[in-house]
Structure formats: C-alpha cells, structure tokens
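Here's the structure we're looking at; comments come further down.
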Amino acid sequence: MNSSGCYGKVGFNPSSKQLLGDGLVGLDGEKWALQRRITNHAFNMERVKGWIPEVVASVTKMLEKWEEERGGKMEFEIDVHKELHDLSADIISRADFGSSLEEGKRIFEIQERQMHFFYEAMRSVYIPGFSVSMILNETLLLYPPVVAMVRKACKNVKLGSLNIPENTQLYLAMAAVHRDPMIWGEDAHNFNPLRFKEPRKHLASFFPFGLGPRICVGQNLAVVEAKIALCMIIQHYSFELSSTYVHAPMQFLTMQPQYGANILFRRINLS
C-alpha cells in the first residue's frame, strides 16, 4: 500500500533478514521496482493459466493418495493443513522448477526449518448462493494469510485528519479491519459468504493479499490453485470437521492452525 510513495517498508531485524534475504518482501525503491516487474511477468494470469495442467496433476496425485489411505472405507480422517501445504509445495515445484515435491523436498525441508528458527527468534524482544469465489473470499476475510502489515512514513504526510511525522511506523491490522462490525455488519465474526454478493463500499475493507503496488505477487496462482483443488475435492468427497479438531489459529509467518486441520471425509458414491 504505497500509491503515493509516502509509505515504505519497515527494515528487517537481523533474524528476519537471515530468512528473507534480499527477496521481494524486503526490498524497496529501485531494486524492488525492478524485481517486481520481473515477478509480475512471471505470475501474470496468462502464465498462471498455463500452469493449470500442473495444478490439476498435483491435486489428482493428492486425491489418489487419499484413496490409498481410505482403503475402501467410506469415511476417513485427514489433517488437511498438512495435505494442502504439501500440495502447494508440489505445485510450486512443478510450475517453477519442472520437478515434483519429492525431488524438491530437500529445499522445502530447509525452508521449513528456517521458518521455525525465525519464529523462535521473533518471539524474543528486538528493539531498534455460494460461489467458490465467495467462499474463498469469506475464508480470507476471517483468516487472512497474515494478520497485519507494517509500513513507515517516508516523509511528513497527512492521512485524513491526521498529521503523520516522517519515520512513523504504521501497523495495518487487516485482521481487525476484516472483522469490524462497522464495515461488515453485526455478523462480522461469522462465516457468511453471502456478504460478497454485494460490491464492497471501500477498497481497503478487504485486503488479504495487501493493496497497491506491493500486493502479493503470487495472488493469482494462490487463488487459481485453491479453486481447482476445492472443485476437484468436492467432486469426490463430502466433508465435515473432525471431533479431534481444535480451533486455534496462530501466526507463524502466515496464519496457520496450531494443531492442524483434521477433516472427516466421506467418499461420494458416483454410481
């Protein structure tokens, strides 16, 4: 969110710098603009459409694995959080590297360990009629990938009636905005995809992937992947929360279920 050029990224602390390096998330200025142009081209919708066969292949592979685990039973339980994590990794491996998850598994294992180290370091104090789209939007409204963004005023600016001094850090709590009854109504905390039947009154009321020029570059791939996976799953299974599920969302770089997401699946009899 930086359409006026007045708001920039807050610098990394040493722990996060080790994890994120000089990637797009941490860059600013001309370096960011150059890398953003390159990655925008890599993830534009036309290119993402070209990856649909890889997405379908990965989801098909996951469903075949589920059938093996089902073992002829009509009902079985799966931790969907882990399965979808592996699915995303497999799709990224196929689309970006031309390999499968097994071949790229070492890379993702190293990345997972880095995330754990970073998370531990960040816990210490550092001071210097539903459509698929409506269901996805409602899910992202209640549980956005990240709960907040932090920006820094690059100069003295006026924001509405507020005078913001240069170098002031702004904490943009999307989790609070997404559940604000003043914006979304009294049922703001409830799952209600029908709210997305009507156009939003303000663009900044819903920003799960960010806003402006720094909006998540992988948004197109993430949404296409989710839609394809969900459509393919519901063709084969009905599902409901398992009795073992514990609702405990946590922030671990991204929003994740602390104890997994155990779902009870039932095979749909297509005959």
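Residue names in the structure tokens use chain letters A, B, ... in the order shown, residue numbers from 1 in each chain, and ligand numbers from 1 in the order shown.
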Please build the interface table for range 178-244 of chain A against range 261-269 of chain A with a cut-off of 8 Å, listing for each qualifying residue the nearest atom pair and the distance in Å to one decimal; count only C-alpha atoms, order rows by chain and increasing number, and write it as CSV.
residue,atom,partner,partner_atom,distance
A:Gln235,CA,A:Ile268,CA,7.7
A:His236,CA,A:Ile268,CA,5.4
A:Tyr237,CA,A:Arg267,CA,4.7
A:Ser238,CA,A:Arg266,CA,5.3
A:Phe239,CA,A:Phe265,CA,4.4
A:Glu240,CA,A:Leu264,CA,5.4
A:Leu241,CA,A:Ile263,CA,4.7
A:Ser242,CA,A:Ile263,CA,5.0
A:Thr244,CA,A:Asn262,CA,6.8
Selection export as a CSV table (one decimal), in the first residue's frame, atoms kept: N, CA, C and O atoms:
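The resulting out03.csv:
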chain,number,residue,atom,x,y,z
A,235,GLN,N,-15.9,-32.9,-5.9
A,235,GLN,CA,-16.4,-33.9,-6.8
A,235,GLN,C,-16.3,-35.3,-6.3
A,235,GLN,O,-17.1,-36.2,-6.7
A,236,HIS,N,-15.4,-35.6,-5.3
A,236,HIS,CA,-15.2,-36.9,-4.9
A,236,HIS,C,-15.6,-37.1,-3.4
A,236,HIS,O,-15.9,-38.3,-3.0
A,237,TYR,N,-15.6,-36.1,-2.6
A,237,TYR,CA,-15.9,-36.2,-1.2
A,237,TYR,C,-16.8,-35.2,-0.6
A,237,TYR,O,-16.8,-34.0,-1.1
A,238,SER,N,-17.6,-35.6,0.4
A,238,SER,CA,-18.2,-34.6,1.3
A,238,SER,C,-17.4,-34.6,2.5
A,238,SER,O,-16.6,-35.5,2.8
A,239,PHE,N,-17.5,-33.5,3.3
A,239,PHE,CA,-16.6,-33.5,4.5
A,239,PHE,C,-17.1,-32.6,5.6
A,239,PHE,O,-18.0,-31.8,5.3
A,240,GLU,N,-16.6,-32.8,6.8
A,240,GLU,CA,-17.0,-32.0,7.9
A,240,GLU,C,-15.8,-32.0,8.9
A,240,GLU,O,-14.9,-32.9,8.8
A,241,LEU,N,-15.9,-31.1,9.9
A,241,LEU,CA,-14.8,-31.0,10.9
A,241,LEU,C,-14.8,-32.3,11.7
A,241,LEU,O,-15.8,-32.8,12.1
A,242,SER,N,-13.6,-32.8,12.0
A,242,SER,CA,-13.5,-34.0,12.8
A,242,SER,C,-13.7,-33.6,14.3
A,242,SER,O,-13.5,-32.4,14.7
A,244,THR,N,-11.8,-34.3,16.5
A,244,THR,CA,-10.5,-34.1,17.1
A,244,THR,C,-10.0,-32.7,16.8
A,244,THR,O,-8.9,-32.3,17.3
What are the nearest atom pairs, with distances in Å to one decimal, for all residues of range 195-236 of chain A that come at most 10 Å from range 86-92 of chain A, using only C-alpha atoms, set out by chain and rising residue number as JSON lines?
{"residue": "A:Leu221", "atom": "CA", "partner": "A:Ile92", "partner_atom": "CA", "distance": 9.3}
{"residue": "A:Ala222", "atom": "CA", "partner": "A:Ser88", "partner_atom": "CA", "distance": 8.5}
{"residue": "A:Glu225", "atom": "CA", "partner": "A:Ser88", "partner_atom": "CA", "distance": 7.9}
{"residue": "A:Ala226", "atom": "CA", "partner": "A:Ser88", "partner_atom": "CA", "distance": 9.2}
{"residue": "A:Ala229", "atom": "CA", "partner": "A:Leu87", "partner_atom": "CA", "distance": 9.0}
Residues of range 205-230 of chain A within 10 Å of range 28-39 of chain A: nearest atom pair and distance (Å, one decimal) for each, counting only C-alpha atoms, sorted by chain and number, as a Markdown table?
| residue | atom | partner | partner_atom | distance |
| --- | --- | --- | --- | --- |
| A:Pro213 | CA | A:Arg36 | CA | 8.8 |
| A:Arg214 | CA | A:Arg36 | CA | 8.3 |
| A:Val217 | CA | A:Thr39 | CA | 6.8 |
| A:Gly218 | CA | A:Thr39 | CA | 8.7 |
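Ranking A:Ala95, A:Ala188, A:Val59, A:Val146 by their shortest atom-to-atom distance to Ala42 in chain A, with only C-alpha atoms included, puts A:Ala95 first.
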A:Glu138, A:Asp180, A:Glu83, A:Glu198 ranked by distance to Met62 in chain A, top pick (using only C-alpha atoms): A:Glu83
